Structures are given as structure tokens and as C-alpha cells.
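Structure data follow from coords.tsv (TSV, N, CA and C atoms):
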chain	number	residue	atom	x	y	z
M	1222	MET	N	16.84	56.94	21.03
M	1222	MET	CA	16.84	58.34	21.41
M	1222	MET	C	15.50	58.96	20.99
M	1223	ALA	N	15.02	59.87	21.78
M	1223	ALA	CA	13.81	60.62	21.44
M	1223	ALA	C	14.22	61.99	20.92
M	1224	TYR	N	13.70	62.37	19.77
M	1224	TYR	CA	13.98	63.68	19.18
M	1224	TYR	C	12.79	64.59	19.43
M	1225	ARG	N	13.01	65.64	20.20
M	1225	ARG	CA	12.02	66.67	20.44
M	1225	ARG	C	12.60	67.93	19.81
M	1226	PHE	N	11.98	68.40	18.78
M	1226	PHE	CA	12.58	69.45	17.95
M	1226	PHE	C	12.42	70.84	18.55
M	1227	ALA	N	12.96	71.04	19.75
M	1227	ALA	CA	13.03	72.36	20.40
M	1227	ALA	C	11.71	73.12	20.32
M	1228	ASN	N	10.65	72.42	20.71
M	1228	ASN	CA	9.30	73.03	20.65
M	1228	ASN	C	9.00	73.60	19.28
M	1229	GLY	N	9.49	72.95	18.25
M	1229	GLY	CA	9.19	73.34	16.88
M	1229	GLY	C	10.10	74.42	16.31
M	1230	ILE	N	10.98	75.00	17.12
M	1230	ILE	CA	11.78	76.15	16.65
M	1230	ILE	C	12.72	75.75	15.51
M	1231	TRP	N	13.10	74.47	15.42
M	1231	TRP	CA	13.99	74.03	14.35
M	1231	TRP	C	13.23	73.51	13.13
M	1232	VAL	N	11.91	73.55	13.17
M	1232	VAL	CA	11.08	73.12	12.06
M	1232	VAL	C	10.73	74.34	11.22
M	1233	LYS	N	11.14	74.35	9.96
M	1233	LYS	CA	10.87	75.51	9.11
M	1233	LYS	C	9.49	75.40	8.45
M	1234	GLN	N	9.23	74.29	7.78
M	1234	GLN	CA	7.96	74.12	7.08
M	1234	GLN	C	7.82	72.66	6.67
M	1235	GLY	N	6.65	72.33	6.14
M	1235	GLY	CA	6.47	70.96	5.67
M	1235	GLY	C	5.07	70.68	5.19
M	1236	THR	N	4.89	69.44	4.74
M	1236	THR	CA	3.58	68.94	4.33
M	1236	THR	C	3.41	67.53	4.88
M	1237	LEU	N	2.17	67.18	5.16
M	1237	LEU	CA	1.81	65.82	5.55
M	1237	LEU	C	0.55	65.44	4.79
M	1238	ASP	N	0.54	64.25	4.22
M	1238	ASP	CA	-0.57	63.81	3.37
M	1238	ASP	C	-1.09	62.46	3.88
M	1239	ASN	N	-2.35	62.44	4.29
M	1239	ASN	CA	-3.00	61.22	4.78
M	1239	ASN	C	-4.19	60.87	3.88
M	1240	THR	N	-4.13	61.24	2.59
M	1240	THR	CA	-5.25	60.98	1.68
M	1240	THR	C	-5.35	59.50	1.29
M	1241	ILE	N	-4.33	58.71	1.58
M	1241	ILE	CA	-4.39	57.25	1.39
M	1241	ILE	C	-4.56	56.65	2.79
M	1242	GLU	N	-5.66	55.92	2.99
M	1242	GLU	CA	-5.97	55.31	4.28
M	1242	GLU	C	-4.80	54.47	4.78
M	1243	GLY	N	-4.40	54.70	6.03
M	1243	GLY	CA	-3.35	53.90	6.65
M	1243	GLY	C	-1.94	54.33	6.33
M	1244	LYS	N	-1.78	55.49	5.66
M	1244	LYS	CA	-0.45	55.93	5.28
M	1244	LYS	C	-0.35	57.46	5.38
M	1245	VAL	N	0.73	57.93	5.97
M	1245	VAL	CA	1.03	59.37	6.01
M	1245	VAL	C	2.40	59.55	5.37
M	1246	VAL	N	2.44	60.37	4.32
M	1246	VAL	CA	3.70	60.71	3.68
M	1246	VAL	C	3.88	62.21	3.78
M	1247	GLY	N	5.12	62.66	3.73
M	1247	GLY	CA	5.33	64.09	3.82
M	1247	GLY	C	6.77	64.48	3.71
M	1248	ASP	N	6.98	65.74	3.93
M	1248	ASP	CA	8.28	66.36	3.81
M	1248	ASP	C	8.35	67.44	4.88
M	1249	ILE	N	9.41	67.42	5.69
M	1249	ILE	CA	9.60	68.42	6.73
M	1249	ILE	C	10.98	69.03	6.54
M	1250	GLU	N	11.06	70.35	6.55
M	1250	GLU	CA	12.35	71.02	6.43
M	1250	GLU	C	12.84	71.42	7.82
M	1251	LEU	N	14.02	70.88	8.20
M	1251	LEU	CA	14.59	71.10	9.52
M	1251	LEU	C	15.87	71.92	9.43
M	1252	ALA	N	16.13	72.68	10.46
M	1252	ALA	CA	17.34	73.51	10.53
M	1252	ALA	C	18.59	72.67	10.33
M	1253	PHE	N	19.48	73.15	9.50
M	1253	PHE	CA	20.79	72.55	9.24
M	1253	PHE	C	20.74	71.15	8.68
M	1254	LEU	N	19.55	70.63	8.43
M	1254	LEU	CA	19.43	69.28	7.89
M	1254	LEU	C	18.75	69.31	6.53
M	1255	GLY	N	17.87	70.29	6.34
M	1255	GLY	CA	17.14	70.38	5.09
M	1255	GLY	C	15.92	69.49	5.09
M	1256	SER	N	15.60	68.99	3.92
M	1256	SER	CA	14.37	68.23	3.72
M	1256	SER	C	14.48	66.81	4.29
M	1257	VAL	N	13.46	66.43	5.05
M	1257	VAL	CA	13.34	65.08	5.61
M	1257	VAL	C	12.04	64.48	5.07
M	1258	LYS	N	12.14	63.35	4.40
M	1258	LYS	CA	10.97	62.66	3.84
M	1258	LYS	C	10.41	61.71	4.89
M	1259	LEU	N	9.07	61.69	5.00
M	1259	LEU	CA	8.39	60.79	5.92
M	1259	LEU	C	7.55	59.78	5.14
M	1260	GLU	N	7.60	58.54	5.56
M	1260	GLU	CA	6.71	57.50	5.06
M	1260	GLU	C	6.28	56.69	6.27
M	1261	LEU	N	5.06	56.96	6.75
M	1261	LEU	CA	4.60	56.40	8.01
M	1261	LEU	C	3.34	55.57	7.81
M	1262	GLN	N	3.24	54.50	8.56
M	1262	GLN	CA	2.03	53.68	8.58
M	1262	GLN	C	1.10	54.24	9.65
M	1263	GLY	N	-0.19	54.32	9.32
M	1263	GLY	CA	-1.17	54.83	10.26
M	1263	GLY	C	-1.87	56.05	9.70
M	1264	ASN	N	-2.68	56.67	10.53
M	1264	ASN	CA	-3.47	57.83	10.11
M	1264	ASN	C	-3.28	59.00	11.07
M	1265	MET	N	-3.45	60.20	10.53
M	1265	MET	CA	-3.53	61.37	11.40
M	1265	MET	C	-4.86	61.28	12.15
M	1266	LEU	N	-4.99	62.05	13.20
M	1266	LEU	CA	-6.17	61.96	14.07
M	1266	LEU	C	-7.16	63.10	13.84
M	1267	ARG	N	-8.35	62.87	14.35
M	1267	ARG	CA	-9.42	63.87	14.39
M	1267	ARG	C	-9.70	64.43	13.01
M	1268	GLU	N	-9.79	65.75	12.91
M	1268	GLU	CA	-10.16	66.39	11.64
M	1268	GLU	C	-9.06	66.30	10.58
M	1269	LEU	N	-7.86	65.85	10.95
M	1269	LEU	CA	-6.78	65.71	9.97
M	1269	LEU	C	-6.80	64.35	9.27
M	1270	ARG	N	-7.53	63.40	9.80
M	1270	ARG	CA	-7.58	62.06	9.18
M	1270	ARG	C	-8.12	62.18	7.75
M	1271	GLY	N	-7.36	61.64	6.81
M	1271	GLY	CA	-7.76	61.66	5.41
M	1271	GLY	C	-7.45	62.97	4.70
M	1272	GLU	N	-6.77	63.88	5.36
M	1272	GLU	CA	-6.50	65.21	4.80
M	1272	GLU	C	-5.03	65.37	4.42
M	1273	LYS	N	-4.76	66.46	3.75
M	1273	LYS	CA	-3.40	66.89	3.42
M	1273	LYS	C	-3.21	68.25	4.07
M	1274	ILE	N	-2.08	68.43	4.76
M	1274	ILE	CA	-1.83	69.71	5.43
M	1274	ILE	C	-0.47	70.26	5.02
M	1275	ARG	N	-0.38	71.56	5.15
M	1275	ARG	CA	0.88	72.27	4.94
M	1275	ARG	C	1.09	73.12	6.18
M	1276	PHE	N	2.33	73.26	6.63
M	1276	PHE	CA	2.60	74.11	7.78
M	1276	PHE	C	3.88	74.91	7.56
M	1277	GLU	N	3.89	76.08	8.16
M	1277	GLU	CA	5.05	76.97	8.08
M	1277	GLU	C	5.24	77.61	9.45
M	1278	ASN	N	6.45	77.54	9.95
M	1278	ASN	CA	6.76	78.05	11.28
M	1278	ASN	C	7.29	79.48	11.19
M	1279	ARG	N	6.50	80.42	11.63
M	1279	ARG	CA	6.93	81.83	11.60
M	1279	ARG	C	8.03	82.13	12.60
M	1280	ALA	N	8.18	81.27	13.61
M	1280	ALA	CA	9.22	81.46	14.63
M	1280	ALA	C	10.51	80.73	14.29
M	1281	TYR	N	10.60	80.16	13.10
M	1281	TYR	CA	11.79	79.40	12.70
M	1281	TYR	C	13.04	80.27	12.82
M	1282	ASP	N	14.07	79.71	13.45
M	1282	ASP	CA	15.33	80.42	13.65
M	1282	ASP	C	16.48	79.43	13.54
M	1283	PRO	N	17.15	79.33	12.39
M	1283	PRO	CA	18.20	78.34	12.21
M	1283	PRO	C	19.42	78.54	13.10
M	1284	SER	N	19.59	79.72	13.65
M	1284	SER	CA	20.75	79.96	14.51
M	1284	SER	C	20.47	79.65	15.98
M	1285	PHE	N	19.24	79.21	16.24
M	1285	PHE	CA	18.85	78.95	17.62
M	1285	PHE	C	19.66	77.80	18.23
M	1286	ALA	N	20.24	78.06	19.38
M	1286	ALA	CA	20.92	77.00	20.15
M	1286	ALA	C	20.25	76.95	21.51
M	1287	ARG	N	19.75	75.81	21.87
M	1287	ARG	CA	19.02	75.71	23.12
M	1287	ARG	C	19.74	74.80	24.10
M	1288	ARG	N	19.41	74.95	25.36
M	1288	ARG	CA	19.92	74.05	26.39
M	1288	ARG	C	19.24	72.70	26.23
M	1289	HIS	N	20.01	71.65	26.36
M	1289	HIS	CA	19.47	70.31	26.22
M	1289	HIS	C	20.21	69.40	27.19
M	1290	GLY	N	19.48	68.69	28.02
M	1290	GLY	CA	20.14	67.82	28.99
M	1290	GLY	C	20.70	68.63	30.13
M	1291	SER	N	21.97	68.50	30.40
M	1291	SER	CA	22.57	69.17	31.54
M	1291	SER	C	22.71	70.67	31.28
M	1292	PRO	N	22.60	71.48	32.32
M	1292	PRO	CA	22.69	72.94	32.15
M	1292	PRO	C	24.02	73.42	31.58
M	1293	THR	N	25.04	72.57	31.62
M	1293	THR	CA	26.36	72.98	31.12
M	1293	THR	C	26.57	72.61	29.65
M	1294	ARG	N	25.60	71.96	29.03
M	1294	ARG	CA	25.76	71.53	27.64
M	1294	ARG	C	24.74	72.24	26.75
M	1295	THR	N	25.21	72.85	25.70
M	1295	THR	CA	24.34	73.49	24.72
M	1295	THR	C	24.56	72.81	23.38
M	1296	PHE	N	23.47	72.42	22.73
M	1296	PHE	CA	23.54	71.78	21.43
M	1296	PHE	C	23.02	72.73	20.37
M	1297	THR	N	23.74	72.85	19.27
M	1297	THR	CA	23.23	73.57	18.11
M	1297	THR	C	22.37	72.58	17.32
M	1298	PRO	N	21.51	73.07	16.42
M	1298	PRO	CA	20.74	72.14	15.59
M	1298	PRO	C	21.63	71.18	14.80
M	1299	ALA	N	22.77	71.66	14.30
M	1299	ALA	CA	23.67	70.80	13.53
M	1299	ALA	C	24.17	69.63	14.39
M	1300	GLN	N	24.49	69.90	15.64
M	1300	GLN	CA	24.94	68.83	16.53
M	1300	GLN	C	23.79	67.89	16.90
M	1301	TYR	N	22.64	68.47	17.15
M	1301	TYR	CA	21.48	67.68	17.58
M	1301	TYR	C	21.04	66.71	16.49
M	1302	PHE	N	21.07	67.15	15.22
M	1302	PHE	CA	20.61	66.32	14.12
M	1302	PHE	C	21.71	65.49	13.47
M	1303	GLU	N	22.91	65.52	14.02
M	1303	GLU	CA	24.00	64.74	13.45
M	1303	GLU	C	23.60	63.26	13.40
M	1304	GLY	N	23.66	62.68	12.23
M	1304	GLY	CA	23.30	61.28	12.05
M	1304	GLY	C	21.81	61.02	11.86
M	1305	PHE	N	20.98	62.06	11.94
M	1305	PHE	CA	19.53	61.90	11.77
M	1305	PHE	C	19.24	61.63	10.29
M	1306	SER	N	18.48	60.60	10.01
M	1306	SER	CA	18.20	60.19	8.64
M	1306	SER	C	17.27	61.18	7.93
M	1307	ARG	N	17.56	61.46	6.67
M	1307	ARG	CA	16.68	62.31	5.86
M	1307	ARG	C	15.52	61.54	5.27
M	1308	TYR	N	15.45	60.25	5.55
M	1308	TYR	CA	14.32	59.43	5.13
M	1308	TYR	C	13.79	58.71	6.36
M	1309	GLN	N	12.62	59.10	6.80
M	1309	GLN	CA	12.02	58.56	8.01
M	1309	GLN	C	10.90	57.59	7.65
M	1310	LYS	N	11.10	56.35	8.00
M	1310	LYS	CA	10.07	55.33	7.79
M	1310	LYS	C	9.70	54.80	9.16
M	1311	GLY	N	8.39	54.61	9.38
M	1311	GLY	CA	7.97	54.14	10.69
M	1311	GLY	C	6.46	54.18	10.84
M	1312	GLU	N	6.02	54.54	12.05
M	1312	GLU	CA	4.59	54.56	12.37
M	1312	GLU	C	4.18	55.92	12.91
M	1313	VAL	N	2.95	56.30	12.57
M	1313	VAL	CA	2.37	57.52	13.12
M	1313	VAL	C	2.18	57.33	14.62
M	1314	GLY	N	2.56	58.33	15.39
M	1314	GLY	CA	2.22	58.36	16.81
M	1314	GLY	C	0.90	59.09	16.94
M	1315	ASN	N	0.96	60.39	17.15
M	1315	ASN	CA	-0.22	61.25	17.19
M	1315	ASN	C	0.05	62.47	16.34
M	1316	ILE	N	-0.78	62.69	15.34
M	1316	ILE	CA	-0.71	63.91	14.53
M	1316	ILE	C	-2.11	64.50	14.54
M	1317	TYR	N	-2.24	65.66	15.17
M	1317	TYR	CA	-3.56	66.28	15.32
M	1317	TYR	C	-3.41	67.78	15.56
M	1318	ILE	N	-4.56	68.47	15.52
M	1318	ILE	CA	-4.62	69.89	15.87
M	1318	ILE	C	-5.59	70.04	17.03
M	1319	ASP	N	-5.17	70.74	18.06
M	1319	ASP	CA	-6.09	71.24	19.08
M	1319	ASP	C	-5.72	72.71	19.25
M	1320	HIS	N	-5.12	73.10	20.34
M	1320	HIS	CA	-4.63	74.48	20.46
M	1320	HIS	C	-3.27	74.65	19.77
M	1321	ARG	N	-2.74	73.55	19.24
M	1321	ARG	CA	-1.47	73.54	18.51
M	1321	ARG	C	-1.50	72.42	17.49
M	1322	LEU	N	-0.58	72.44	16.54
M	1322	LEU	CA	-0.36	71.30	15.66
M	1322	LEU	C	0.66	70.41	16.35
M	1323	HIS	N	0.29	69.18	16.60
M	1323	HIS	CA	1.17	68.22	17.26
M	1323	HIS	C	1.53	67.13	16.24
M	1324	VAL	N	2.83	66.95	15.99
M	1324	VAL	CA	3.31	65.94	15.04
M	1324	VAL	C	4.25	65.00	15.79
M	1325	HIS	N	3.88	63.72	15.81
M	1325	HIS	CA	4.60	62.72	16.60
M	1325	HIS	C	4.64	61.42	15.82
M	1326	TRP	N	5.83	60.85	15.66
M	1326	TRP	CA	5.95	59.57	14.97
M	1326	TRP	C	7.05	58.74	15.59
M	1327	PHE	N	7.03	57.45	15.25
M	1327	PHE	CA	8.04	56.50	15.71
M	1327	PHE	C	8.83	56.04	14.51
M	1328	SER	N	10.08	56.48	14.43
M	1328	SER	CA	10.97	56.14	13.32
M	1328	SER	C	11.56	54.76	13.55
M	1329	ASP	N	11.68	53.99	12.46
M	1329	ASP	CA	12.32	52.68	12.55
M	1329	ASP	C	13.78	52.80	12.97
M	1330	VAL	N	14.42	53.92	12.70
M	1330	VAL	CA	15.84	54.10	13.01
M	1330	VAL	C	16.06	55.03	14.20
M	1331	GLU	N	15.45	56.22	14.18
M	1331	GLU	CA	15.72	57.22	15.21
M	1331	GLU	C	14.88	57.08	16.47
M	1332	GLY	N	13.82	56.30	16.43
M	1332	GLY	CA	12.96	56.18	17.60
M	1332	GLY	C	11.87	57.25	17.58
M	1333	GLU	N	11.54	57.75	18.74
M	1333	GLU	CA	10.43	58.70	18.87
M	1333	GLU	C	10.84	60.11	18.42
M	1334	CYS	N	9.99	60.72	17.59
M	1334	CYS	CA	10.25	62.07	17.07
M	1334	CYS	C	8.97	62.89	17.22
M	1335	GLU	N	9.11	64.15	17.64
M	1335	GLU	CA	7.91	64.98	17.76
M	1335	GLU	C	8.24	66.46	17.81
M	1336	PHE	N	7.23	67.24	17.40
M	1336	PHE	CA	7.30	68.69	17.54
M	1336	PHE	C	5.89	69.25	17.59
M	1337	ASP	N	5.79	70.45	18.11
M	1337	ASP	CA	4.53	71.20	18.18
M	1337	ASP	C	4.74	72.55	17.52
M	1338	LEU	N	3.72	73.01	16.83
M	1338	LEU	CA	3.70	74.36	16.25
M	1338	LEU	C	2.37	75.01	16.61
M	1339	PRO	N	2.32	76.33	16.60
M	1339	PRO	CA	1.04	77.00	16.85
M	1339	PRO	C	0.00	76.55	15.82
M	1340	LYS	N	-1.24	76.47	16.24
M	1340	LYS	CA	-2.33	76.06	15.35
M	1340	LYS	C	-2.36	76.88	14.08
M	1341	GLU	N	-2.05	78.17	14.19
M	1341	GLU	CA	-2.07	79.08	13.05
M	1341	GLU	C	-1.04	78.73	11.98
M	1342	ALA	N	-0.06	77.90	12.31
M	1342	ALA	CA	0.98	77.52	11.35
M	1342	ALA	C	0.48	76.51	10.33
M	1343	CYS	N	-0.69	75.92	10.56
M	1343	CYS	CA	-1.18	74.80	9.75
M	1343	CYS	C	-2.32	75.22	8.83
M	1344	ILE	N	-2.24	74.75	7.57
M	1344	ILE	CA	-3.30	74.94	6.59
M	1344	ILE	C	-3.74	73.57	6.12
M	1345	VAL	N	-5.02	73.25	6.24
M	1345	VAL	CA	-5.57	72.00	5.73
M	1345	VAL	C	-6.09	72.27	4.33
M	1346	TYR	N	-5.68	71.43	3.35
M	1346	TYR	CA	-6.16	71.61	1.98
M	1346	TYR	C	-6.41	70.29	1.30

Spit out the file's structure as C-alpha cells when you get a sec.
Amino acid sequence: MAYRFANGIWVKQGTLDNTIEGKVVGDIELAFLGSVKLELQGNMLRELRGEKIRFENRAYDPSFARRHGSPTRTFTPAQYFEGFSRYQKGEVGNIYIDHRLHVHWFSDVEGECEFDLPKEACIVY
């Protein structure tokens, strides 16, 4: 299954650390799931390679229920994340900033996972 986190609306905040070459570790707080730990092989791209970032989603809304799949089915975040592991191990897909912060990885268990946030949500430190 591919997890697309409702264009980032279910992502509250998080950190990603690529200060060790070939490894990205972090923590992402998701609606109704709480903290999710990441341990990924690979590097962030472009100006984020070798950096540590923090992000906070000002549009975060835990009560948000969006249409997903067929127009007659609505999933809440709790339903969407049911069974989603709070420990994500896998490989970096693409993590970069252009006009947005794009976070994409391949989980050993859940498969493809990704979200986008406005560029302004990200702080590099």
C-alpha cells in the first residue's frame, strides 16, 4: 500500500537528521497515531543532504476526514493509519525542498510513504 498523508494535513510536526552519511533518522508526529520513528538508509537531497531539519505544519487538523478512493468512502486519520507501524525502517526515496518540503520513503513494512508541506514549515539547523 502507498501512504500519502493527505497532502500533509495529517502531519503535525517532526525532525529529520541526515548528519550521518547514508542514514536519515527522525520522528514524525501524525494525527491519531502520535510519534513515528524513522530509520532510513540513504541521504536527503540537495541542500538538505548532511543537514538536520525540523518542520511544523500550521495547517495540521486532527479532525480532518478526507475522501480517499471511491467518492462514497471517507476515511478518518484513525482508519487510514490503522495498523501503520510507529517504527519505520527502510530507504529514503526523495527528501528535499523546492517550492515545498517533500518527504518520501520506502518502508520495509508499509511500502511507499510520502507527504508534502509548505516550504515555510521547514527549518534547517

Do you know which residues are at most 6 Å from M:Asp1248 counting all atoms listed in the file, after dropping those on the same chain fewer than 6 positions away, and could you put them as a short mmCIF file (atom, residue, chain, number, x, y, z; two decimals) with N, CA and C atoms, in the frame of the given file?
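What landed in around-v6.cif:
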data_model
loop_
_atom_site.label_atom_id
_atom_site.label_comp_id
_atom_site.auth_asym_id
_atom_site.auth_seq_id
_atom_site.Cartn_x
_atom_site.Cartn_y
_atom_site.Cartn_z
N GLN M 1234 9.23 74.29 7.78
CA GLN M 1234 7.96 74.12 7.08
C GLN M 1234 7.82 72.66 6.67
N GLY M 1235 6.65 72.33 6.14
CA GLY M 1235 6.47 70.96 5.67
C GLY M 1235 5.07 70.68 5.19
N THR M 1236 4.89 69.44 4.74
CA THR M 1236 3.58 68.94 4.33
C THR M 1236 3.41 67.53 4.88
N LEU M 1237 2.17 67.18 5.16
CA LEU M 1237 1.81 65.82 5.55
C LEU M 1237 0.55 65.44 4.79
N VAL M 1257 13.46 66.43 5.05
CA VAL M 1257 13.34 65.08 5.61
C VAL M 1257 12.04 64.48 5.07
N LYS M 1258 12.14 63.35 4.40
CA LYS M 1258 10.97 62.66 3.84
C LYS M 1258 10.41 61.71 4.89
N LEU M 1259 9.07 61.69 5.00
CA LEU M 1259 8.39 60.79 5.92
C LEU M 1259 7.55 59.78 5.14
#

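Interatomic distance, atom C of M:Cys1334 against atom C of M:Tyr1346: 23.3 Å.
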
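Per DSSP on the backbone, alpha helix (DSSP H) in stretch 1234-1344 of chain M comprises Pro1298, Ala1299, Gln1300 and Tyr1301 of chain M.
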
Between atom C of M:Val1232 and atom CA of M:Glu1268, distance in Å (one decimal): 22.4 Å

Shortest interatomic distance to M:Gly1311 - which of M:Gln1262, M:Arg1279, M:Arg1267, M:Glu1341, counting only C-alpha atoms: M:Gln1262

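Atom N of M:Lys1244 is found 26.0 Å from atom N of M:Trp1231.
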
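The residue that comes closest to M:Ser1306, out of M:Ala1280, M:Leu1254, M:Val1246, M:Leu1338 and on the basis of only C-alpha atoms, is M:Leu1254.
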
Answer as a compact mmCIF listing (two decimals) with N, CA and C atoms, keeping the file's coordinate frame, residues within 8 Å of (14.6, 76.4, 10.2) using only C-alpha atoms:
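point07.txt, freshly written:
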# COMPACT_ATOMS: atom_id res chain seq x y z
N ILE M 1230 10.98 75.00 17.12
CA ILE M 1230 11.78 76.15 16.65
C ILE M 1230 12.72 75.75 15.51
N TRP M 1231 13.10 74.47 15.42
CA TRP M 1231 13.99 74.03 14.35
C TRP M 1231 13.23 73.51 13.13
N VAL M 1232 11.91 73.55 13.17
CA VAL M 1232 11.08 73.12 12.06
C VAL M 1232 10.73 74.34 11.22
N LYS M 1233 11.14 74.35 9.96
CA LYS M 1233 10.87 75.51 9.11
C LYS M 1233 9.49 75.40 8.45
N GLN M 1234 9.23 74.29 7.78
CA GLN M 1234 7.96 74.12 7.08
C GLN M 1234 7.82 72.66 6.67
N GLU M 1250 11.06 70.35 6.55
CA GLU M 1250 12.35 71.02 6.43
C GLU M 1250 12.84 71.42 7.82
N LEU M 1251 14.02 70.88 8.20
CA LEU M 1251 14.59 71.10 9.52
C LEU M 1251 15.87 71.92 9.43
N ALA M 1252 16.13 72.68 10.46
CA ALA M 1252 17.34 73.51 10.53
C ALA M 1252 18.59 72.67 10.33
N PHE M 1253 19.48 73.15 9.50
CA PHE M 1253 20.79 72.55 9.24
C PHE M 1253 20.74 71.15 8.68
N TYR M 1281 10.60 80.16 13.10
CA TYR M 1281 11.79 79.40 12.70
C TYR M 1281 13.04 80.27 12.82
N ASP M 1282 14.07 79.71 13.45
CA ASP M 1282 15.33 80.42 13.65
C ASP M 1282 16.48 79.43 13.54
N PRO M 1283 17.15 79.33 12.39
CA PRO M 1283 18.20 78.34 12.21
C PRO M 1283 19.42 78.54 13.10

Residues within 7 Å of M:Trp1326, please, as a ChimeraX atom specification. Count only C-alpha atoms; anything in the same chain fewer than 5 positions from it doesn't count. /M:1312-1315,1333-1335

Tell me which protein, DNA and RNA residues are within 6.5 Å of M:Pro1339, counting all atoms listed in the file, leaving out same-chain ones fewer than 2 positions away, and put them as an mmCIF file with N, CA and C atoms, in the coordinates of the input.
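Dumped to part15.cif:
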data_model
loop_
_atom_site.group_PDB
_atom_site.id
_atom_site.type_symbol
_atom_site.label_atom_id
_atom_site.label_comp_id
_atom_site.auth_asym_id
_atom_site.auth_seq_id
_atom_site.Cartn_x
_atom_site.Cartn_y
_atom_site.Cartn_z
ATOM 1 N N HIS M 1320 -5.120 73.100 20.340
ATOM 2 C CA HIS M 1320 -4.630 74.480 20.460
ATOM 3 C C HIS M 1320 -3.270 74.650 19.770
ATOM 4 N N ARG M 1321 -2.740 73.550 19.240
ATOM 5 C CA ARG M 1321 -1.470 73.540 18.510
ATOM 6 C C ARG M 1321 -1.500 72.420 17.490
ATOM 7 N N LEU M 1322 -0.580 72.440 16.540
ATOM 8 C CA LEU M 1322 -0.360 71.300 15.660
ATOM 9 C C LEU M 1322 0.660 70.410 16.350
ATOM 10 N N ASP M 1337 5.790 70.450 18.110
ATOM 11 C CA ASP M 1337 4.530 71.200 18.180
ATOM 12 C C ASP M 1337 4.740 72.550 17.520
ATOM 13 N N GLU M 1341 -2.050 78.170 14.190
ATOM 14 C CA GLU M 1341 -2.070 79.080 13.050
ATOM 15 C C GLU M 1341 -1.040 78.730 11.980
ATOM 16 N N ALA M 1342 -0.060 77.900 12.310
ATOM 17 C CA ALA M 1342 0.980 77.520 11.350
ATOM 18 C C ALA M 1342 0.480 76.510 10.330
ATOM 19 N N CYS M 1343 -0.690 75.920 10.560
ATOM 20 C CA CYS M 1343 -1.180 74.800 9.750
ATOM 21 C C CYS M 1343 -2.320 75.220 8.830
#

Taking only residues of stretch 1229-1248 of chain M that have an atom at most 6 Å from an atom of stretch 1263-1266 of chain M, what is each one's shortest atom pair and its distance in Å to one decimal, using all atoms listed in the file, in chain and number order, as a tab-separated table?
residue	atom	partner	partner_atom	distance
M:Asn1239	CA	M:Met1265	N	5.9
M:Glu1242	C	M:Gly1263	C	5.9
M:Gly1243	C	M:Gly1263	N	3.5
M:Lys1244	N	M:Gly1263	C	4.1
M:Val1245	N	M:Gly1263	C	4.9

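Across M:Phe1336, M:Lys1273, M:Ile1344, M:Phe1327, the tightest approach to M:Phe1226 is made by M:Phe1336 when counting all atoms listed in the file.
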
Enumerate as a ChimeraX atom specification all residues of chain M assigned to strand (DSSP E or B) by DSSP on the backbone, naming them with the chain letters and numbers the document uses. /M:1224-1225,1232-1241,1244-1251,1255-1262,1273-1277,1287-1288,1295-1296,1308-1318,1321-1328,1332-1339,1343-1345

With distances taken over only C-alpha atoms, the candidate from M:Gln1309, M:Asn1278, M:Gln1300, M:Thr1240 nearest M:Ser1256 is M:Gln1309
